[in-house]
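Student: File name model05.cif; file contents mmCIF, C-alpha atoms; full text below.
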data_my_file
loop_
_atom_site.label_atom_id
_atom_site.label_comp_id
_atom_site.auth_asym_id
_atom_site.auth_seq_id
_atom_site.Cartn_x
_atom_site.Cartn_y
_atom_site.Cartn_z
CA MET A 1 208.41 -0.39 80.07
CA GLN A 2 205.93 -2.63 78.29
CA ARG A 3 208.72 -4.30 76.29
CA ALA A 4 210.67 -4.92 79.51
CA ASN A 5 207.64 -6.53 81.14
CA LEU A 6 207.00 -8.75 78.12
CA SER A 7 210.52 -10.18 78.24
CA ALA A 8 210.54 -10.61 82.03
CA VAL A 9 209.06 -14.14 82.15
CA THR A 10 212.02 -16.53 81.94
CA GLU A 11 210.55 -19.25 84.16
CA PHE A 12 207.21 -20.59 85.31
CA ILE A 13 205.99 -21.75 88.70
CA LEU A 14 204.18 -25.10 88.55
CA VAL A 15 201.46 -24.74 91.17
CA GLY A 16 200.56 -28.43 90.86
CA PHE A 17 199.11 -29.93 94.03
CA SER A 18 199.87 -26.99 96.32
CA ALA A 19 196.12 -26.63 96.85
CA PHE A 20 196.30 -29.95 98.76
CA PRO A 21 199.18 -29.33 101.21
CA HIS A 22 198.14 -32.08 103.65
CA LEU A 23 197.85 -34.69 100.88
CA GLN A 24 201.11 -34.09 99.05
CA LEU A 25 203.00 -36.90 100.80
CA VAL A 26 200.09 -39.28 100.12
CA PHE A 27 200.04 -38.20 96.48
CA PHE A 28 203.81 -38.68 96.25
CA LEU A 29 203.71 -42.25 97.56
CA LEU A 30 200.66 -43.18 95.47
CA PHE A 31 202.03 -41.73 92.22
CA LEU A 32 205.51 -43.15 92.88
CA LEU A 33 204.10 -46.66 93.29
CA MET A 34 201.94 -46.29 90.17
CA TYR A 35 204.91 -44.95 88.19
CA LEU A 36 207.20 -47.78 89.28
CA PHE A 37 204.48 -50.31 88.45
CA THR A 38 204.05 -48.69 85.02
CA LEU A 39 207.79 -48.95 84.34
CA LEU A 40 207.98 -52.51 85.63
CA GLY A 41 204.89 -53.63 83.70
CA ASN A 42 206.09 -52.20 80.39
CA LEU A 43 209.64 -53.50 80.86
CA LEU A 44 208.19 -56.93 81.68
CA ILE A 45 206.14 -56.88 78.46
CA MET A 46 209.18 -55.80 76.41
CA ALA A 47 211.46 -58.43 77.98
CA THR A 48 208.86 -61.17 77.43
CA ILE A 49 208.36 -60.26 73.77
CA TRP A 50 212.12 -60.03 73.24
CA GLY A 51 212.83 -63.38 74.91
CA GLU A 52 209.91 -65.44 73.57
CA ARG A 53 210.37 -66.32 69.90
CA SER A 54 206.70 -67.20 69.46
CA LEU A 55 205.86 -63.54 70.11
CA HIS A 56 208.10 -62.23 67.33
CA THR A 57 205.05 -61.23 65.27
CA PRO A 58 203.80 -57.82 64.02
CA MET A 59 201.17 -57.53 66.77
CA TYR A 60 203.75 -57.88 69.53
CA LEU A 61 206.27 -55.69 67.71
CA PHE A 62 203.68 -52.92 67.83
CA LEU A 63 202.96 -53.69 71.49
CA CYS A 64 206.69 -53.43 72.24
CA ALA A 65 206.83 -50.03 70.50
CA LEU A 66 203.74 -48.98 72.46
CA SER A 67 205.47 -49.89 75.74
CA VAL A 68 208.52 -47.82 74.74
CA SER A 69 206.36 -44.78 73.98
CA GLU A 70 204.52 -45.21 77.27
CA ILE A 71 207.74 -45.39 79.30
CA LEU A 72 209.12 -42.28 77.60
CA TYR A 73 205.80 -40.39 77.96
CA THR A 74 205.63 -40.98 81.70
CA PHE A 75 209.36 -40.21 82.07
CA ALA A 76 208.77 -36.78 80.48
CA ILE A 77 206.26 -35.78 83.15
CA ILE A 78 206.07 -37.92 86.29
CA PRO A 79 209.64 -37.64 87.74
CA ARG A 80 209.35 -33.84 87.69
CA MET A 81 205.89 -34.04 89.25
CA LEU A 82 207.17 -36.33 92.02
CA ALA A 83 210.09 -33.98 92.76
CA ASP A 84 207.73 -30.99 92.98
CA LEU A 85 205.50 -32.83 95.46
CA LEU A 86 208.45 -32.91 97.89
CA SER A 87 209.75 -29.43 97.10
CA THR A 88 208.69 -25.88 97.86
CA HIS A 89 210.69 -24.56 94.88
CA ARG A 90 208.57 -25.49 91.85
CA SER A 91 210.01 -23.20 89.19
CA ILE A 92 210.81 -24.47 85.71
CA ALA A 93 212.81 -22.60 83.07
CA LEU A 94 211.11 -21.56 79.86
CA THR A 95 213.28 -23.90 77.77
CA ALA A 96 212.71 -26.82 80.17
CA CYS A 97 208.96 -26.17 80.01
CA ALA A 98 209.06 -26.18 76.20
CA SER A 99 211.08 -29.42 76.22
CA GLN A 100 208.61 -31.10 78.56
CA MET A 101 205.68 -30.04 76.39
CA PHE A 102 207.39 -31.25 73.20
CA PHE A 103 208.29 -34.69 74.56
CA SER A 104 204.94 -35.23 76.29
CA PHE A 105 203.02 -34.40 73.10
CA MET A 106 205.45 -36.35 70.94
CA PHE A 107 205.20 -39.56 72.96
CA GLY A 108 201.50 -39.07 73.68
CA PHE A 109 200.55 -38.79 70.01
CA THR A 110 202.99 -41.55 69.06
CA HIS A 111 201.01 -43.71 71.48
CA SER A 112 197.76 -42.78 69.70
CA PHE A 113 199.21 -43.49 66.26
CA LEU A 114 200.57 -46.86 67.40
CA LEU A 115 197.15 -47.82 68.77
CA THR A 116 195.74 -47.00 65.33
CA VAL A 117 198.39 -49.15 63.65
CA MET A 118 197.55 -52.02 66.03
CA GLY A 119 193.90 -51.71 65.02
CA TYR A 120 194.92 -51.97 61.36
CA ASP A 121 197.03 -55.02 62.20
CA ARG A 122 194.02 -56.76 63.77
CA TYR A 123 191.88 -55.81 60.74
CA VAL A 124 194.36 -57.37 58.30
CA ALA A 125 194.82 -60.48 60.47
CA ILE A 126 191.08 -61.17 60.76
CA CYS A 127 189.64 -59.81 57.51
CA HIS A 128 192.52 -60.65 55.13
CA PRO A 129 194.43 -63.53 56.76
CA LEU A 130 195.82 -64.87 53.46
CA ARG A 131 197.45 -61.51 52.68
CA TYR A 132 198.67 -60.90 56.23
CA ASN A 133 202.30 -61.91 55.65
CA VAL A 134 202.48 -59.67 52.59
CA LEU A 135 200.77 -56.61 54.10
CA MET A 136 202.51 -57.00 57.45
CA SER A 137 206.01 -57.82 56.22
CA PRO A 138 208.94 -56.88 58.51
CA ARG A 139 209.70 -53.87 56.33
CA GLY A 140 206.04 -52.79 56.30
CA CYS A 141 205.80 -53.08 60.09
CA ALA A 142 209.01 -51.09 60.55
CA CYS A 143 207.62 -48.35 58.29
CA LEU A 144 204.35 -48.19 60.25
CA VAL A 145 206.25 -47.85 63.54
CA ALA A 146 208.62 -45.25 62.04
CA TRP A 147 205.70 -43.21 60.63
CA SER A 148 203.99 -43.33 64.04
CA TRP A 149 207.07 -41.90 65.72
CA ALA A 150 207.51 -39.34 62.94
CA GLY A 151 203.87 -38.28 63.26
CA GLY A 152 204.23 -37.92 67.03
CA SER A 153 207.37 -35.80 66.56
CA VAL A 154 205.59 -33.51 64.09
CA MET A 155 202.62 -33.08 66.46
CA GLY A 156 204.94 -32.28 69.37
CA LEU A 157 206.89 -29.78 67.29
CA VAL A 158 203.80 -28.04 65.88
CA VAL A 159 202.09 -27.63 69.27
CA THR A 160 205.25 -26.56 71.13
CA MET A 161 206.30 -24.03 68.50
CA ALA A 162 202.79 -22.57 68.37
CA ILE A 163 202.64 -22.12 72.16
CA PHE A 164 206.16 -20.84 72.75
CA HIS A 165 206.03 -18.33 69.91
CA LEU A 166 203.49 -16.49 72.06
CA THR A 167 204.51 -13.77 74.50
CA PHE A 168 204.14 -14.45 78.22
CA CYS A 169 203.63 -11.23 80.13
CA GLY A 170 203.11 -12.55 83.64
CA PRO A 171 201.95 -13.73 86.08
CA ASN A 172 204.02 -16.89 85.68
CA GLU A 173 202.07 -19.36 87.84
CA VAL A 174 200.99 -22.42 85.83
CA HIS A 175 197.99 -24.01 87.56
CA HIS A 176 199.00 -27.54 86.67
CA PHE A 177 201.69 -30.07 87.63
CA ALA A 178 203.21 -29.96 84.11
CA CYS A 179 203.61 -27.57 81.21
CA HIS A 180 200.14 -28.20 79.85
CA VAL A 181 198.67 -26.16 76.99
CA PRO A 182 195.46 -24.66 78.51
CA PRO A 183 197.06 -23.15 81.67
CA LEU A 184 199.96 -21.78 79.60
CA LEU A 185 197.56 -20.16 77.15
CA LYS A 186 195.96 -18.34 80.08
CA LEU A 187 199.33 -16.70 80.80
CA ALA A 188 199.97 -15.59 77.21
CA CYS A 189 199.16 -12.15 75.89
CA GLY A 190 198.77 -10.63 72.46
CA ASN A 191 196.19 -10.42 69.72
CA ASN A 192 197.07 -13.84 68.29
CA VAL A 193 196.33 -15.85 71.45
CA PRO A 194 192.71 -16.72 70.44
CA ASP A 195 193.91 -17.85 66.98
CA VAL A 196 196.66 -20.02 68.47
CA THR A 197 194.20 -21.48 70.99
CA ARG A 198 191.76 -22.47 68.24
CA GLY A 199 194.53 -23.73 65.97
CA VAL A 200 196.20 -25.92 68.59
CA GLY A 201 192.85 -27.26 69.77
CA LEU A 202 191.78 -28.04 66.21
CA VAL A 203 195.06 -29.84 65.37
CA CYS A 204 194.92 -31.98 68.53
CA ILE A 205 191.23 -32.85 68.21
CA MET A 206 191.53 -33.64 64.48
CA ALA A 207 194.52 -35.94 65.12
CA LEU A 208 192.77 -37.78 67.95
CA LEU A 209 189.46 -38.03 66.10
CA GLY A 210 191.24 -39.20 62.95
CA CYS A 211 192.94 -42.01 64.87
CA CYS A 212 189.70 -42.88 66.65
CA LEU A 213 187.70 -43.03 63.41
CA LEU A 214 190.31 -45.26 61.75
CA ILE A 215 190.18 -47.63 64.73
CA LEU A 216 186.37 -47.64 64.64
CA LEU A 217 186.48 -48.37 60.91
CA SER A 218 188.88 -51.27 61.49
CA TYR A 219 186.65 -52.75 64.16
CA THR A 220 183.53 -52.29 62.04
CA PHE A 221 185.05 -54.60 59.42
CA ILE A 222 186.38 -56.92 62.15
CA VAL A 223 182.95 -57.30 63.78
CA ALA A 224 181.33 -57.88 60.38
CA THR A 225 183.86 -60.66 59.66
CA ILE A 226 183.47 -62.23 63.12
CA LEU A 227 179.68 -62.37 62.77
CA LYS A 228 180.12 -64.53 59.65
CA ILE A 229 181.91 -67.23 61.68
CA PRO A 230 179.32 -70.00 62.28
CA SER A 231 180.45 -71.30 65.70
CA ALA A 232 180.29 -69.29 68.92
CA GLU A 233 183.60 -70.76 70.01
CA GLY A 234 185.23 -69.58 66.79
CA ARG A 235 183.81 -66.08 67.19
CA HIS A 236 185.04 -65.89 70.78
CA LYS A 237 188.52 -67.13 69.84
CA VAL A 238 188.93 -64.55 67.08
CA PHE A 239 187.55 -61.66 69.15
CA SER A 240 189.80 -62.55 72.10
CA THR A 241 192.81 -61.52 69.99
CA CYS A 242 191.39 -57.98 69.91
CA ALA A 243 190.10 -57.71 73.49
CA SER A 244 193.20 -56.20 75.13
CA HIS A 245 193.76 -53.67 72.34
CA LEU A 246 190.11 -52.63 72.29
CA THR A 247 190.08 -52.18 76.08
CA VAL A 248 193.19 -49.97 76.01
CA VAL A 249 191.69 -47.93 73.15
CA VAL A 250 188.50 -47.32 75.16
CA VAL A 251 190.51 -46.25 78.23
CA HIS A 252 192.93 -44.08 76.23
CA TYR A 253 190.34 -42.23 74.15
CA GLY A 254 187.85 -42.12 76.99
CA PHE A 255 190.21 -40.09 79.16
CA ALA A 256 191.51 -38.08 76.18
CA SER A 257 187.97 -37.06 75.25
CA VAL A 258 187.37 -35.82 78.79
CA ILE A 259 190.40 -33.54 78.44
CA TYR A 260 190.03 -32.27 74.87
CA LEU A 261 186.27 -32.40 74.33
CA LYS A 262 185.01 -31.17 77.70
CA PRO A 263 182.62 -28.21 77.40
CA LYS A 264 184.04 -24.82 78.22
CA GLY A 265 182.77 -23.36 81.43
CA PRO A 266 183.72 -22.49 84.99
CA GLN A 267 185.81 -25.22 86.54
CA SER A 268 188.08 -25.23 89.57
CA LEU A 269 191.82 -25.21 88.99
CA GLU A 270 192.09 -28.11 91.44
CA GLY A 271 189.63 -30.07 89.31
CA ASP A 272 191.75 -29.51 86.19
CA THR A 273 194.85 -30.70 88.04
CA LEU A 274 193.18 -33.87 89.32
CA MET A 275 191.70 -34.53 85.88
CA GLY A 276 195.21 -34.35 84.42
CA ILE A 277 196.17 -37.37 86.54
CA THR A 278 193.83 -39.58 84.50
CA TYR A 279 195.86 -39.41 81.29
CA THR A 280 199.29 -38.78 82.87
CA VAL A 281 199.37 -41.45 85.58
CA LEU A 282 196.25 -43.61 85.46
CA THR A 283 196.10 -44.52 81.75
CA PRO A 284 199.79 -45.60 81.53
CA PHE A 285 199.30 -47.51 84.80
CA LEU A 286 196.31 -49.46 83.45
CA SER A 287 197.74 -50.22 80.00
CA PRO A 288 200.30 -52.95 80.93
CA ILE A 289 197.78 -54.50 83.33
CA ILE A 290 195.18 -54.78 80.56
CA PHE A 291 197.62 -56.23 78.02
CA SER A 292 199.04 -58.69 80.55
CA LEU A 293 195.68 -59.96 81.81
CA ARG A 294 193.50 -59.74 78.69
CA ASN A 295 196.02 -61.20 76.24
CA LYS A 296 196.17 -64.94 76.89
CA GLU A 297 199.23 -65.54 74.71
CA LEU A 298 201.23 -62.80 76.44
CA LYS A 299 200.06 -63.89 79.88
CA ASN A 300 201.20 -67.47 79.24
CA ALA A 301 204.54 -66.22 77.90
CA ILE A 302 205.11 -64.12 81.04
CA LYS A 303 204.37 -67.16 83.20
CA LYS A 304 206.72 -69.30 81.12
CA THR A 305 209.53 -66.74 81.03
CA PHE A 306 209.51 -65.36 84.57
CA LEU A 307 207.17 -67.11 86.99
CA SER A 308 208.49 -70.56 86.07
CA LYS A 309 211.93 -69.46 87.28
CA LEU A 310 210.57 -68.17 90.58
CA TYR A 311 207.99 -70.90 91.28
CA PRO A 312 208.86 -73.88 89.06
CA GLU A 313 206.55 -76.23 90.95
CA LYS A 314 203.47 -74.04 90.23
CA ILE A 315 203.87 -73.69 86.49
#
Do you think you could lay out the structure here as structure tokens?
Tutor:
Amino acid sequence: MQRANLSAVTEFILVGFSAFPHLQLVFFLLFLLMYLFTLLGNLLIMATIWGERSLHTPMYLFLCALSVSEILYTFAIIPRMLADLLSTHRSIALTACASQMFFSFMFGFTHSFLLTVMGYDRYVAICHPLRYNVLMSPRGCACLVAWSWAGGSVMGLVVTMAIFHLTFCGPNEVHHFACHVPPLLKLACGNNVPDVTRGVGLVCIMALLGCCLLILLSYTFIVATILKIPSAEGRHKVFSTCASHLTVVVVHYGFASVIYLKPKGPQSLEGDTLMGITYTVLTPFLSPIIFSLRNKELKNAIKKTFLSKLYPEKI
């Protein structure tokens, strides 16, 4: 009987926003608009970089790769979440749940690794400008992007395999809008659950902290170099090339730290669900806005490429 019960869970029920029945339509419209804006913003950035030859540089190659990872990350989670907001049948098969977890972790960590690579790019450009073309050759840039994607794939595979090698004995209600690790761990049974919980948490935190420390190290050298520039105008000009990246890093790791480093303790399931929106919907929504508004070169290129065709008399 016990063996039969252990093999009974073949699907999960994503509880999601069912605790807010009167707000589900509002949530659907809000998240749909934010998702469409995220897609449009990232596609606009990619099209601008592709079409403007002056942006065919390592920094914008990495930004283009970042936009791709962001589009794929949101595509792995948000369409399903939007469909569930309009549906009363919120079940998801075990294999579909594992796939969603793999792709969300893969693209999420690829995003983190690419942000780290972009920090290194700014470090080389500012601290070693004479060696920039050598260190950031086309082949070198392609390798950095490829290693970022490979690292994200490994992280997604490790986390997903660790979670779905556990036994799920029921109940099968996942108190989240996606196949997220903490609510799934609460449904698992067996003596190895605590070990898997610690292992997965340690791997994720070490990867995020490693990326964060490398970015901090890059900016430590960048700030030290900027402070040696005699004129205030020169310092401002150099730092402005880092402003958009630094802002996105603060937003990305700020929300990630809330999720992974929050103290354990009693917390409402509704609170966990709403907190999940910050890194699933809000962060990808803000990223293209920050890069478009804080990066003067990209902003001018967008105006030149698109707005000049719509409003030629204003450009």
Student: Rounded to one decimal, what separation in Å do you get between atom CA of A:Trp149 and atom CA of A:Thr110?
Tutor: 5.3 Å
Student: Please evaluate the PyMOL selection byres ((chain A and resi 238-248) around 6) against the displayed coordinates and give the resulting residues as a PyMOL selection string.
Tutor: chain A and resi 235-237+249-252+290-291+294-295
Student: Between A:Cys211, A:Ala47, A:Val134, A:Val15, which residue has the minimum interatomic distance to A:Thr88, considering all atoms listed in the file?
Tutor: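 Using all atoms listed in the file, A:Thr88 sits closest to A:Val15.
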Student: Using the chain letters and residue numbers of this document, give as a list in words the residues selected by the PyMOL selection byres ((chain A and resi 62-65) around 8).
Tutor: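 With the shown file as input, the PyMOL selection byres ((chain A and resi 62-65) around 8) matches Ile45, Met46, Ile49, Pro58, Met59, Tyr60, Leu61, Leu66, Ser67, Val68, Ser69, Leu114, Val117, Met118 and Val145 of chain A.
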Student: Which residues match the PyMOL selection byres ((chain A and resi 164) around 10) in the file above, as a PyMOL selection string?
Tutor: chain A and resi 94-95+97-98+101+159-163+165-168+184-185+188
Student: Since we have the selection now, will you write its residues out, keeping C-alpha atoms, as a compact mmCIF listing (two decimals), in the frame of the given file?
Tutor:
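Resulting contents of again_7.txt:
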# COMPACT_ATOMS: atom_id res chain seq x y z
CA LEU A 94 211.11 -21.56 79.86
CA THR A 95 213.28 -23.90 77.77
CA CYS A 97 208.96 -26.17 80.01
CA ALA A 98 209.06 -26.18 76.20
CA MET A 101 205.68 -30.04 76.39
CA VAL A 159 202.09 -27.63 69.27
CA THR A 160 205.25 -26.56 71.13
CA MET A 161 206.30 -24.03 68.50
CA ALA A 162 202.79 -22.57 68.37
CA ILE A 163 202.64 -22.12 72.16
CA HIS A 165 206.03 -18.33 69.91
CA LEU A 166 203.49 -16.49 72.06
CA THR A 167 204.51 -13.77 74.50
CA PHE A 168 204.14 -14.45 78.22
CA LEU A 184 199.96 -21.78 79.60
CA LEU A 185 197.56 -20.16 77.15
CA ALA A 188 199.97 -15.59 77.21
Student: With all atoms listed in the file as the basis for distance, which of A:Ala93, A:Leu30, A:Ile77, A:Val193 is at the shortest distance from A:Phe177?
Tutor: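 When distances to A:Phe177 are compared using all atoms listed in the file, the smallest one comes from A:Ile77.
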Student: What does the structure give for the distance between atom CA of A:Ala96 and atom CA of A:Gly201, in Å to one decimal?
Tutor: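 Straight-line distance from atom CA of A:Ala96 to atom CA of A:Gly201 works out to 22.4 Å.
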Student: Which one of A:Leu227, A:Met155, A:Leu274, A:Leu14 sits closest to A:Asp84 if you count only C-alpha atoms?
Tutor: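 Of all the options, A:Leu14 lies closest to A:Asp84.
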Student: In terms of the shortest atom-to-atom distance over all atoms listed in the file, which of A:Gly16, A:Gly108, A:Pro182, A:Gly190 is closest to A:Leu82?
Tutor: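 Of all the options, A:Gly16 lies closest to A:Leu82.
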Student: One number please: atom CA of A:Tyr219 to atom CA of A:Tyr123, in Å, one decimal.
Tutor: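 One can read the atom CA of A:Tyr219 to atom CA of A:Tyr123 distance as 7.0 Å.
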